[in-house]
file entry_34.cif (mmCIF, C-alpha atoms)
data_query
loop_
_atom_site.label_atom_id
_atom_site.label_comp_id
_atom_site.auth_asym_id
_atom_site.auth_seq_id
_atom_site.Cartn_x
_atom_site.Cartn_y
_atom_site.Cartn_z
CA MET I 24 137.40 93.44 104.50
CA SER I 25 136.86 92.96 100.76
CA PHE I 26 133.17 92.30 101.43
CA LEU I 27 132.82 95.56 103.36
CA LYS I 28 134.61 97.45 100.61
CA GLN I 29 132.26 96.00 98.01
CA ALA I 30 129.25 96.86 100.15
CA LEU I 31 130.52 100.44 100.58
CA LEU I 32 131.16 100.75 96.84
CA VAL I 33 127.65 99.54 96.02
CA ALA I 34 126.14 102.00 98.51
CA VAL I 35 128.16 104.96 97.20
CA THR I 36 127.38 104.06 93.59
CA ALA I 37 123.66 103.84 94.35
CA ILE I 38 123.67 107.25 96.07
CA VAL I 39 125.63 108.92 93.28
CA ALA I 40 123.42 107.39 90.58
CA SER I 41 120.28 108.63 92.28
CA VAL I 42 121.61 112.08 93.21
CA ILE I 43 123.22 113.23 89.94
CA PRO I 44 119.95 113.43 87.93
CA SER I 45 118.50 115.86 90.48
CA TYR I 46 121.04 118.49 89.43
CA PHE I 47 119.83 118.48 85.80
CA LYS I 48 116.14 119.08 86.54
CA PRO I 49 114.44 122.44 85.87
CA SER I 50 114.81 124.92 88.69
CA TYR I 51 111.69 126.34 90.31
CA PRO I 52 111.54 129.40 92.57
CA VAL I 53 110.58 129.24 96.22
CA PRO I 54 106.77 129.32 96.17
CA GLU I 55 104.62 131.89 97.90
CA ILE I 56 103.35 130.69 101.28
CA PHE I 57 99.59 131.02 101.77
CA GLY I 58 97.47 130.62 104.87
CA THR I 59 97.51 131.80 108.46
CA VAL I 60 99.18 131.16 111.79
CA ALA I 61 97.97 132.22 115.22
CA PRO I 62 100.12 134.56 117.35
CA GLY I 63 102.99 132.60 118.84
CA PHE I 64 103.19 130.15 115.93
CA GLU I 65 105.01 132.39 113.46
CA GLU I 66 108.11 130.16 113.57
CA VAL I 67 106.09 127.36 112.05
CA ARG I 68 105.44 129.49 108.97
CA ASP I 69 109.12 130.39 108.80
CA THR I 70 110.11 126.74 108.98
CA PHE I 71 107.51 125.81 106.36
CA ARG I 72 109.08 128.34 103.98
CA GLN I 73 112.60 127.28 104.98
CA ASN I 74 111.81 123.73 103.88
CA TYR I 75 111.26 125.03 100.33
CA GLU I 76 114.31 127.29 100.44
CA ASP I 77 116.51 124.35 101.47
CA ASN I 78 114.80 121.95 99.04
CA TRP I 79 113.45 119.65 101.72
CA ASP I 80 110.05 120.27 100.16
CA ASN I 81 110.16 119.82 96.41
CA ARG I 82 109.54 123.13 94.62
CA GLU I 83 107.93 121.38 91.65
CA ALA I 84 105.36 119.89 93.99
CA GLY I 85 103.31 121.33 96.82
CA SER I 86 102.36 120.73 100.42
CA ALA I 87 100.08 121.81 103.23
CA PHE I 88 100.41 121.80 107.00
CA SER I 89 97.72 122.26 109.61
CA VAL I 90 97.85 122.13 113.40
CA TYR I 91 95.06 122.11 115.95
CA TYR I 92 95.88 123.09 119.53
CA ARG I 93 93.19 122.69 122.18
CA GLY I 94 90.52 122.61 119.52
CA GLU I 95 91.74 125.73 117.72
CA ASN I 96 93.25 125.74 114.23
CA VAL I 97 96.50 127.58 115.01
CA VAL I 98 98.40 126.72 111.82
CA ASP I 99 96.92 126.39 108.32
CA LEU I 100 99.50 126.74 105.55
CA TRP I 101 99.87 125.65 101.92
CA ALA I 102 102.23 126.37 99.02
CA GLY I 103 103.52 125.12 95.69
CA TYR I 104 101.89 123.22 92.85
CA ALA I 105 99.08 120.69 92.95
CA ASP I 106 100.01 119.83 89.36
CA VAL I 107 103.17 121.42 88.01
CA LYS I 108 102.59 120.21 84.43
CA ALA I 109 99.23 121.97 84.32
CA LYS I 110 100.63 124.93 86.32
CA ARG I 111 97.84 124.35 88.83
CA LEU I 112 98.68 125.88 92.19
CA TRP I 113 97.99 124.28 95.55
CA LYS I 114 94.83 125.75 97.07
CA GLU I 115 93.19 125.79 100.46
CA ASP I 116 90.89 122.92 99.49
CA THR I 117 93.44 120.80 97.56
CA MET I 118 93.17 117.15 98.55
CA VAL I 119 96.04 114.69 98.89
CA VAL I 120 96.41 110.93 98.78
CA ILE I 121 97.37 109.82 102.30
CA PHE I 122 98.66 106.41 101.20
CA SER I 123 99.17 104.00 104.11
CA SER I 124 97.53 106.33 106.61
CA THR I 125 94.31 105.06 105.04
CA LYS I 126 94.75 102.12 107.40
CA GLY I 127 93.62 104.36 110.23
CA LEU I 128 90.34 105.13 108.48
CA ALA I 129 89.78 101.50 107.51
CA ALA I 130 90.66 100.33 111.03
CA LEU I 131 87.98 102.67 112.34
CA CYS I 132 85.44 101.05 110.02
CA MET I 133 86.51 97.57 111.14
CA ALA I 134 86.21 98.61 114.79
CA MET I 135 82.67 99.83 114.16
CA LEU I 136 81.70 96.41 112.76
CA VAL I 137 83.24 94.77 115.83
CA ASP I 138 81.33 97.13 118.11
CA ARG I 139 78.08 96.24 116.36
CA GLY I 140 78.74 92.53 116.82
CA HIS I 141 79.30 91.70 113.14
CA LEU I 142 83.02 90.90 113.47
CA ASP I 143 85.32 89.38 116.09
CA PHE I 144 89.08 89.94 116.00
CA LYS I 145 89.69 86.49 117.49
CA GLU I 146 87.71 84.56 114.86
CA PRO I 147 89.42 83.01 111.82
CA VAL I 148 89.05 85.00 108.62
CA SER I 149 87.67 81.81 107.05
CA HIS I 150 84.70 81.99 109.44
CA TYR I 151 83.47 84.96 107.42
CA TRP I 152 85.20 84.15 104.13
CA PRO I 153 85.30 80.33 103.70
CA GLU I 154 87.20 80.39 100.40
CA PHE I 155 90.08 82.15 102.16
CA SER I 156 90.99 78.89 103.96
CA GLN I 157 92.88 77.49 100.96
CA HIS I 158 96.62 76.71 101.17
CA GLY I 159 97.00 76.69 104.95
CA LYS I 160 95.11 79.91 105.68
CA LYS I 161 92.17 78.32 107.54
CA LEU I 162 93.32 79.31 111.04
CA ILE I 163 94.53 82.86 110.28
CA THR I 164 92.53 85.11 112.58
CA VAL I 165 91.18 88.56 111.79
CA GLU I 166 93.61 89.88 114.38
CA GLN I 167 96.61 88.23 112.69
CA LEU I 168 95.52 89.59 109.32
CA LEU I 169 95.27 93.15 110.65
CA GLU I 170 98.61 92.79 112.47
CA HIS I 171 100.42 91.82 109.24
CA GLU I 172 101.14 88.31 110.52
CA ALA I 173 99.33 86.36 107.78
CA GLY I 174 102.34 86.07 105.46
CA LEU I 175 100.43 87.40 102.45
CA VAL I 176 102.81 90.19 101.50
CA SER I 177 102.42 89.52 97.78
CA THR I 178 100.24 87.50 95.44
CA GLU I 179 101.37 84.79 93.05
CA THR I 180 99.62 86.62 90.22
CA VAL I 181 101.06 89.90 88.97
CA LEU I 182 98.50 92.57 89.77
CA SER I 183 97.09 95.21 87.45
CA TYR I 184 94.51 97.97 87.56
CA GLU I 185 92.04 95.75 85.73
CA ILE I 186 92.42 92.97 88.31
CA LEU I 187 92.01 95.32 91.26
CA LYS I 188 88.81 96.78 89.80
CA ASP I 189 87.26 93.30 89.56
CA HIS I 190 86.26 92.14 93.06
CA ALA I 191 85.65 88.54 92.00
CA ASN I 192 89.04 88.35 90.31
CA ILE I 193 91.15 89.87 93.09
CA ASP I 194 89.26 87.88 95.73
CA SER I 195 90.00 84.66 93.87
CA ILE I 196 93.69 85.55 93.61
CA LEU I 197 93.88 86.28 97.34
CA GLU I 198 92.11 83.00 98.13
CA LYS I 199 94.69 81.03 96.13
CA THR I 200 97.70 82.87 97.58
CA LYS I 201 99.99 80.80 99.82
CA PRO I 202 101.42 82.32 103.01
CA GLN I 203 105.12 83.20 102.74
CA TRP I 204 105.71 82.16 106.35
CA ASP I 205 103.82 80.25 109.02
CA PRO I 206 101.00 82.66 109.95
CA GLY I 207 101.23 84.08 113.43
CA THR I 208 104.94 83.35 113.88
CA ARG I 209 106.40 86.44 112.17
CA HIS I 210 105.19 89.81 111.02
CA GLY I 211 105.93 91.72 107.82
CA TYR I 212 104.39 94.87 106.42
CA HIS I 213 101.60 94.03 103.94
CA GLY I 214 101.95 97.36 102.18
CA LEU I 215 100.40 96.36 98.85
CA THR I 216 97.95 93.61 99.79
CA MET I 217 96.36 94.88 102.99
CA GLY I 218 93.80 97.04 101.17
CA PRO I 219 92.39 94.29 98.92
CA LEU I 220 92.51 91.71 101.75
CA VAL I 221 90.63 93.85 104.24
CA ASP I 222 88.14 95.07 101.66
CA ALA I 223 87.32 91.49 100.64
CA LEU I 224 86.73 90.55 104.29
CA PHE I 225 84.75 93.73 104.94
CA ARG I 226 82.32 93.11 102.06
CA ARG I 227 81.50 89.69 103.52
CA VAL I 228 81.00 90.96 107.07
CA ASP I 229 79.04 94.17 106.52
CA PRO I 230 75.30 93.36 106.53
CA LYS I 231 74.84 95.51 103.41
CA GLY I 232 77.86 94.05 101.59
CA ARG I 233 79.53 97.45 101.25
CA THR I 234 83.18 98.09 100.49
CA VAL I 235 85.29 99.84 103.11
CA GLY I 236 85.04 103.01 101.03
CA GLN I 237 81.26 102.87 100.77
CA PHE I 238 80.91 102.17 104.48
CA PHE I 239 83.23 105.05 105.40
CA ASP I 240 81.30 107.41 103.14
CA GLU I 241 77.88 106.45 104.52
CA GLU I 242 78.71 105.86 108.19
CA VAL I 243 81.54 108.30 108.90
CA SER I 244 82.21 110.92 106.25
CA LYS I 245 78.71 112.18 105.47
CA PRO I 246 77.17 111.93 108.97
CA PHE I 247 80.01 113.88 110.55
CA GLY I 248 80.66 116.32 107.72
CA ILE I 249 84.19 115.07 107.07
CA GLU I 250 85.55 115.54 103.57
CA ALA I 251 87.59 112.38 103.16
CA TYR I 252 87.22 109.54 100.71
CA ILE I 253 88.41 105.96 100.38
CA GLY I 254 88.02 105.80 96.62
CA THR I 255 87.83 109.34 95.28
CA PRO I 256 84.81 110.41 93.19
CA LEU I 257 85.85 111.22 89.64
CA GLU I 258 84.24 114.64 89.83
CA LEU I 259 86.74 115.63 92.53
CA ASP I 260 89.76 114.68 90.46
CA HIS I 261 90.50 118.33 89.70
CA ARG I 262 91.03 119.08 93.39
CA THR I 263 93.55 116.32 93.99
CA GLY I 264 97.27 117.01 94.10
CA ARG I 265 99.34 114.90 91.72
CA SER I 266 102.05 112.71 93.19
CA VAL I 267 105.53 113.32 91.83
CA ASN I 268 108.63 111.17 91.82
CA VAL I 269 110.85 113.09 94.23
CA GLN I 270 114.56 112.69 93.51
CA GLY I 271 116.73 112.75 96.61
CA THR I 272 119.73 115.08 96.80
CA PHE I 273 123.05 114.46 98.49
CA SER I 274 121.94 116.48 101.53
CA HIS I 275 118.94 114.19 101.95
CA TYR I 276 121.17 111.13 102.17
CA VAL I 277 123.53 112.84 104.58
CA TYR I 278 120.60 113.79 106.78
CA ALA I 279 119.27 110.22 106.73
CA LEU I 280 122.67 108.89 107.82
CA ARG I 281 122.58 111.15 110.88
CA SER I 282 120.02 108.79 112.39
CA PRO I 283 121.74 105.82 114.08
CA GLY I 284 118.49 103.89 113.78
CA ASN I 285 118.43 104.27 109.98
CA VAL I 286 122.04 103.21 109.61
CA ARG I 287 121.59 100.22 111.90
CA ASP I 288 118.40 99.00 110.26
CA TYR I 289 119.64 99.19 106.69
CA VAL I 290 123.10 97.77 107.41
CA MET I 291 121.62 94.82 109.30
CA ALA I 292 119.07 94.24 106.55
CA PHE I 293 121.84 94.27 103.93
CA LEU I 294 124.18 91.97 105.86
CA SER I 295 121.49 89.47 106.85
CA GLY I 296 119.53 89.55 103.64
CA ARG I 297 116.43 90.25 105.68
CA SER I 298 113.53 91.98 103.94
CA ASN I 299 115.12 92.45 100.52
CA SER I 300 113.69 89.35 98.84
CA LEU I 301 110.15 89.60 100.20
CA PHE I 302 109.94 93.34 99.64
CA GLN I 303 111.29 93.02 96.09
CA GLU I 304 108.86 90.20 95.37
CA ALA I 305 105.98 92.38 96.54
CA ILE I 306 107.11 95.17 94.22
CA ASP I 307 107.53 92.76 91.29
CA LYS I 308 104.02 91.34 91.78
CA CYS I 309 102.58 94.84 92.05
CA GLY I 310 102.80 95.09 88.25
CA ASP I 311 101.72 98.25 86.44
CA VAL I 312 100.15 99.58 89.63
CA CYS I 313 103.64 100.34 90.93
CA GLU I 314 105.16 101.14 87.54
CA HIS I 315 102.80 104.09 87.10
CA LYS I 316 104.36 105.77 90.14
CA PHE I 317 100.89 106.75 91.30
CA PRO I 318 100.45 109.80 89.05
CA ASP I 319 96.69 110.14 89.26
CA ILE I 320 93.48 109.56 91.10
CA SER I 321 93.06 105.97 89.93
CA PHE I 322 95.61 104.78 92.46
CA SER I 323 93.53 105.98 95.39
CA SER I 324 90.31 104.75 93.85
CA ILE I 325 91.45 101.18 93.18
CA LEU I 326 93.87 100.35 95.98
CA HIS I 327 91.49 101.67 98.63
CA GLN I 328 93.70 104.64 99.44
CA SER I 329 92.24 107.84 100.87
CA VAL I 330 92.30 111.48 99.89
CA LEU I 331 91.40 114.35 102.15
CA PRO I 332 92.05 118.06 102.55
CA LEU I 333 93.27 119.62 105.76
CA SER I 334 89.81 120.37 107.03
CA PRO I 335 88.39 121.38 110.43
CA LYS I 336 88.74 118.89 113.23
CA VAL I 337 85.53 117.04 114.09
CA PRO I 338 85.17 115.11 117.37
CA LEU I 339 83.89 111.58 116.79
CA GLN I 340 82.05 109.11 118.98
CA LEU I 341 81.51 106.19 116.63
CA THR I 342 81.66 103.21 118.96
CA SER I 343 80.48 102.37 122.44
CA GLU I 344 82.77 101.82 125.42
CA PRO I 345 85.79 99.58 124.68
CA ARG I 346 85.15 95.90 125.18
CA LYS I 347 88.18 93.99 126.38
CA ALA I 348 87.05 90.66 124.94
CA ARG I 349 86.88 92.21 121.50
CA SER I 350 90.12 94.15 121.59
CA CYS I 351 92.84 93.69 118.99
CA THR I 352 96.10 93.09 120.85
CA PRO I 353 99.56 93.06 119.21
CA THR I 354 101.45 89.82 119.84
CA LEU I 355 104.75 90.06 117.99
CA VAL I 356 107.55 92.57 118.45
CA GLY I 357 110.86 92.43 116.58
CA PRO I 358 112.31 92.52 113.06
CA ASP I 359 109.82 93.15 110.30
CA VAL I 360 110.59 90.54 107.64
CA THR I 361 109.69 92.78 104.71
CA TRP I 362 110.88 96.15 105.99
CA PRO I 363 114.32 96.98 107.43
CA ALA I 364 113.24 98.02 110.91
CA GLU I 365 112.66 96.78 114.41
CA ALA I 366 108.92 97.19 114.77
CA ARG I 367 105.61 95.82 115.83
CA GLU I 368 102.46 95.61 113.76
CA ASP I 369 99.77 97.11 115.98
CA CYS I 370 96.30 96.25 114.69
CA TYR I 371 96.70 97.78 111.22
CA PHE I 372 99.62 100.11 112.00
CA PHE I 373 103.34 99.62 111.45
CA ILE I 374 105.09 101.16 114.47
CA GLN I 375 108.85 101.59 114.28
CA GLN I 376 110.31 101.00 117.72
CA ASP I 377 112.94 103.74 117.86
CA THR I 378 110.82 106.55 116.39
CA THR I 379 107.23 105.41 117.09
CA SER I 380 106.36 106.62 113.61
CA GLN I 381 103.20 105.16 112.10
CA VAL I 382 102.49 104.47 108.46
#

call {"tool": "encode", "arguments": {"input": "entry_34.cif", "output": "C-alpha cells"}}
result
Amino acid sequence: MSFLKQALLVAVTAIVASVIPSYFKPSYPVPEIFGTVAPGFEEVRDTFRQNYEDNWDNREAGSAFSVYYRGENVVDLWAGYADVKAKRLWKEDTMVVIFSSTKGLAALCMAMLVDRGHLDFKEPVSHYWPEFSQHGKKLITVEQLLEHEAGLVSTETVLSYEILKDHANIDSILEKTKPQWDPGTRHGYHGLTMGPLVDALFRRVDPKGRTVGQFFDEEVSKPFGIEAYIGTPLELDHRTGRSVNVQGTFSHYVYALRSPGNVRDYVMAFLSGRSNSLFQEAIDKCGDVCEHKFPDISFSSILHQSVLPLSPKVPLQLTSEPRKARSCTPTLVGPDVTWPAEAREDCYFFIQQDTTSQV
C-alpha cells in the first residue's frame, strides 16, 4: 500500500507542478475564426471556436482545420497566431510542421523506389549500406528498420544540429550504434532516429543519390502541384507557424484520465518500468535538438520533418499495381518498449491498438 501511496503522490505532484504555471501566463482573447464551411457543416465551425473558448486550443498559438468530403472542400478554417511574439496572425497559406506524420510522405518515397526495383523490403539494410552492418546490424532488413524493430532508438553520441547537418558525420554515428535489443524480436518507436536512418539508406538506394526531401520535391511535390516540403526552403520561413510549448491545464489531465486506455498504459508502464529508460535515453541523446523545443524552421529542415499548408486535395497515382512479393508486412504486435502503449509498428507508422491513431 505504501508503494501505491508514493506512486499516487508522485503523480499528483507532477500534475500540480505542471498545471500551476499555466495560471500565471498572459491571457489572450478568443481569436477570430476565418474561413468557410459548406452548408450542413456549421457545427464544425462552432466546435472549432469552442476549442479556443474552452482553452483546448491554445490562444497564444494558432491552428487550421480542413475537411474534404467526396472530393469537395467542405471545411476550411483557421485562427490564432502563427507567431505570437511577432504578432503574426495565422493566414490561409500558413504552413505547419507535421512532425511524425512526415513518415507517411517518406514511406511514399520508399515505396516508389521499391516499385521501380531499386529497393526490396526483405533485403538487409547492409546490402545497400555495407557500413551499417557493424555491431550486430548485418541482418537487419529494410522491413525491420521501417517497422521500428531494429533497436536503434537512440545513438551513443549526443546529437546536435551541427551533426545532423553533416551527412558523413551522422551516417558514421548510426553505423557505430549498437542495437538496444535483438533486432526483429521487439519493436519500439524510433521517434528521433528514424529520419536520419531512412535518409541515409535512401541516399544510397536512389540512383541519383538524393535525400528523401530532394526526391519528394522532384518526384512528388512539383509534378503534382503539392505544396509540401521535407526540409523547408529558407525563403518560406515567414509562412511557417512557430511551435509553442503548450502548458497543460488541470482540465486537460482530467480529460486524459477519462480514457481507460491512457490510464492502463501509463500505470502499467510505471509499474513495470517499461519504456521509461529507453525513452529517457533517447531524449538525453537528442541533445540541443530537443532542448530548443523546436521553435523554428531549422527543426524541420534538419530532422527531415515536413511542413505543408492545408491545400487542395490532389489524387495521386505514383506506383504501379501492388506487388505482393515486395510488400512490407508488420510482424510484431504488443507492448512498444519505448512508448507506453499496446501497439504495432506498421511499415513506418506507430498504430495504437485501442485508438488506431497514427503518428

call {"tool": "residues_around", "arguments": {"input": "entry_34.cif", "residues": "Ile186 of chain I", "least_positions_apart": "6", "cutoff": "12 Å", "atoms": "all atoms listed in the file", "output": "JSON, numbers by chain"}}
result
{"I": [178, 180, 192, 193, 194, 195, 196, 197, 219, 309, 310, 311, 312, 325, 326]}

call {"tool": "closest_residue", "arguments": {"input": "entry_34.cif", "among": "I:Phe302, I:Tyr51, I:Phe225, I:Tyr252", "to": "Met135 of chain I", "atoms": "all atoms listed in the file"}}
result
I:Phe225

call {"tool": "atom_distance", "arguments": {"input": "entry_34.cif", "atom1": "atom CA of His171 of chain I", "atom2": "atom CA of Gly236 of chain I"}}
result
20.7 Å

call {"tool": "atom_distance", "arguments": {"input": "entry_34.cif", "atom1": "atom CA of Ala84 of chain I", "atom2": "atom CA of Ser266 of chain I"}}
result
7.9 Å

call {"tool": "closest_residue", "arguments": {"input": "entry_34.cif", "among": "I:Phe144, I:Tyr104, I:Trp113, I:Phe239", "to": "Glu83 of chain I", "atoms": "all atoms listed in the file"}}
result
I:Tyr104

call {"tool": "atom_distance", "arguments": {"input": "entry_34.cif", "atom1": "atom CA of Asp240 of chain I", "atom2": "atom CA of Thr255 of chain I"}}
result
10.4 Å

call {"tool": "resolve_selection", "arguments": {"input": "entry_34.cif", "expression": "the PyMOL selection byres ((chain I and resi 156) around 12)", "output": "PyMOL selection string"}}
result
chain I and resi 147-155+157-164+173+195+197-202

call {"tool": "write_last_selection", "arguments": {"input": "entry_34.cif", "atoms": "C-alpha atoms", "output": "short mmCIF file (atom, residue, chain, number, x, y, z; two decimals), in the frame of the given file"}}
result
data_model
loop_
_atom_site.label_atom_id
_atom_site.label_comp_id
_atom_site.auth_asym_id
_atom_site.auth_seq_id
_atom_site.Cartn_x
_atom_site.Cartn_y
_atom_site.Cartn_z
CA PRO I 147 89.42 83.01 111.82
CA VAL I 148 89.05 85.00 108.62
CA SER I 149 87.67 81.81 107.05
CA HIS I 150 84.70 81.99 109.44
CA TYR I 151 83.47 84.96 107.42
CA TRP I 152 85.20 84.15 104.13
CA PRO I 153 85.30 80.33 103.70
CA GLU I 154 87.20 80.39 100.40
CA PHE I 155 90.08 82.15 102.16
CA GLN I 157 92.88 77.49 100.96
CA HIS I 158 96.62 76.71 101.17
CA GLY I 159 97.00 76.69 104.95
CA LYS I 160 95.11 79.91 105.68
CA LYS I 161 92.17 78.32 107.54
CA LEU I 162 93.32 79.31 111.04
CA ILE I 163 94.53 82.86 110.28
CA THR I 164 92.53 85.11 112.58
CA ALA I 173 99.33 86.36 107.78
CA SER I 195 90.00 84.66 93.87
CA LEU I 197 93.88 86.28 97.34
CA GLU I 198 92.11 83.00 98.13
CA LYS I 199 94.69 81.03 96.13
CA THR I 200 97.70 82.87 97.58
CA LYS I 201 99.99 80.80 99.82
CA PRO I 202 101.42 82.32 103.01
#

call {"tool": "residues_around", "arguments": {"input": "entry_34.cif", "residues": "Ala102 of chain I", "least_positions_apart": "4", "cutoff": "7 Å", "atoms": "only C-alpha atoms", "output": "JSON, numbers by chain"}}
result
{"I": [54, 55, 56, 57, 85, 86, 87, 113]}

call {"tool": "axis_aligned_box", "arguments": {"input": "entry_34.cif", "around": "segment 145-154 of chain I", "padding_each_side": "4 Å", "output": "JSON"}}
result
{"center_x": 86.6, "center_y": 83.4, "center_z": 108.9, "size_x": 14.2, "size_y": 14.2, "size_z": 25.1}

call {"tool": "closest_residue", "arguments": {"input": "entry_34.cif", "among": "I:Leu182, I:Leu169, I:Ala305, I:Leu224", "to": "Lys126 of chain I", "atoms": "only C-alpha atoms"}}
result
I:Leu169

call {"tool": "closest_residue", "arguments": {"input": "entry_34.cif", "among": "I:Leu131, I:Leu215, I:Ala251, I:Val53", "to": "Glu76 of chain I", "atoms": "all atoms listed in the file"}}
result
I:Val53

call {"tool": "closest_residue", "arguments": {"input": "entry_34.cif", "among": "I:Arg72, I:His190, I:Lys308, I:Lys108", "to": "Ala223 of chain I", "atoms": "only C-alpha atoms"}}
result
I:His190

call {"tool": "residues_near_point", "arguments": {"input": "entry_34.cif", "point": "(90.2, 119.3, 91.2)", "cutoff": "12 Å", "atoms": "all atoms listed in the file", "output": "ChimeraX atom specification"}}
result
/I:105-106,109,111-119,255-265,319-320,330,332
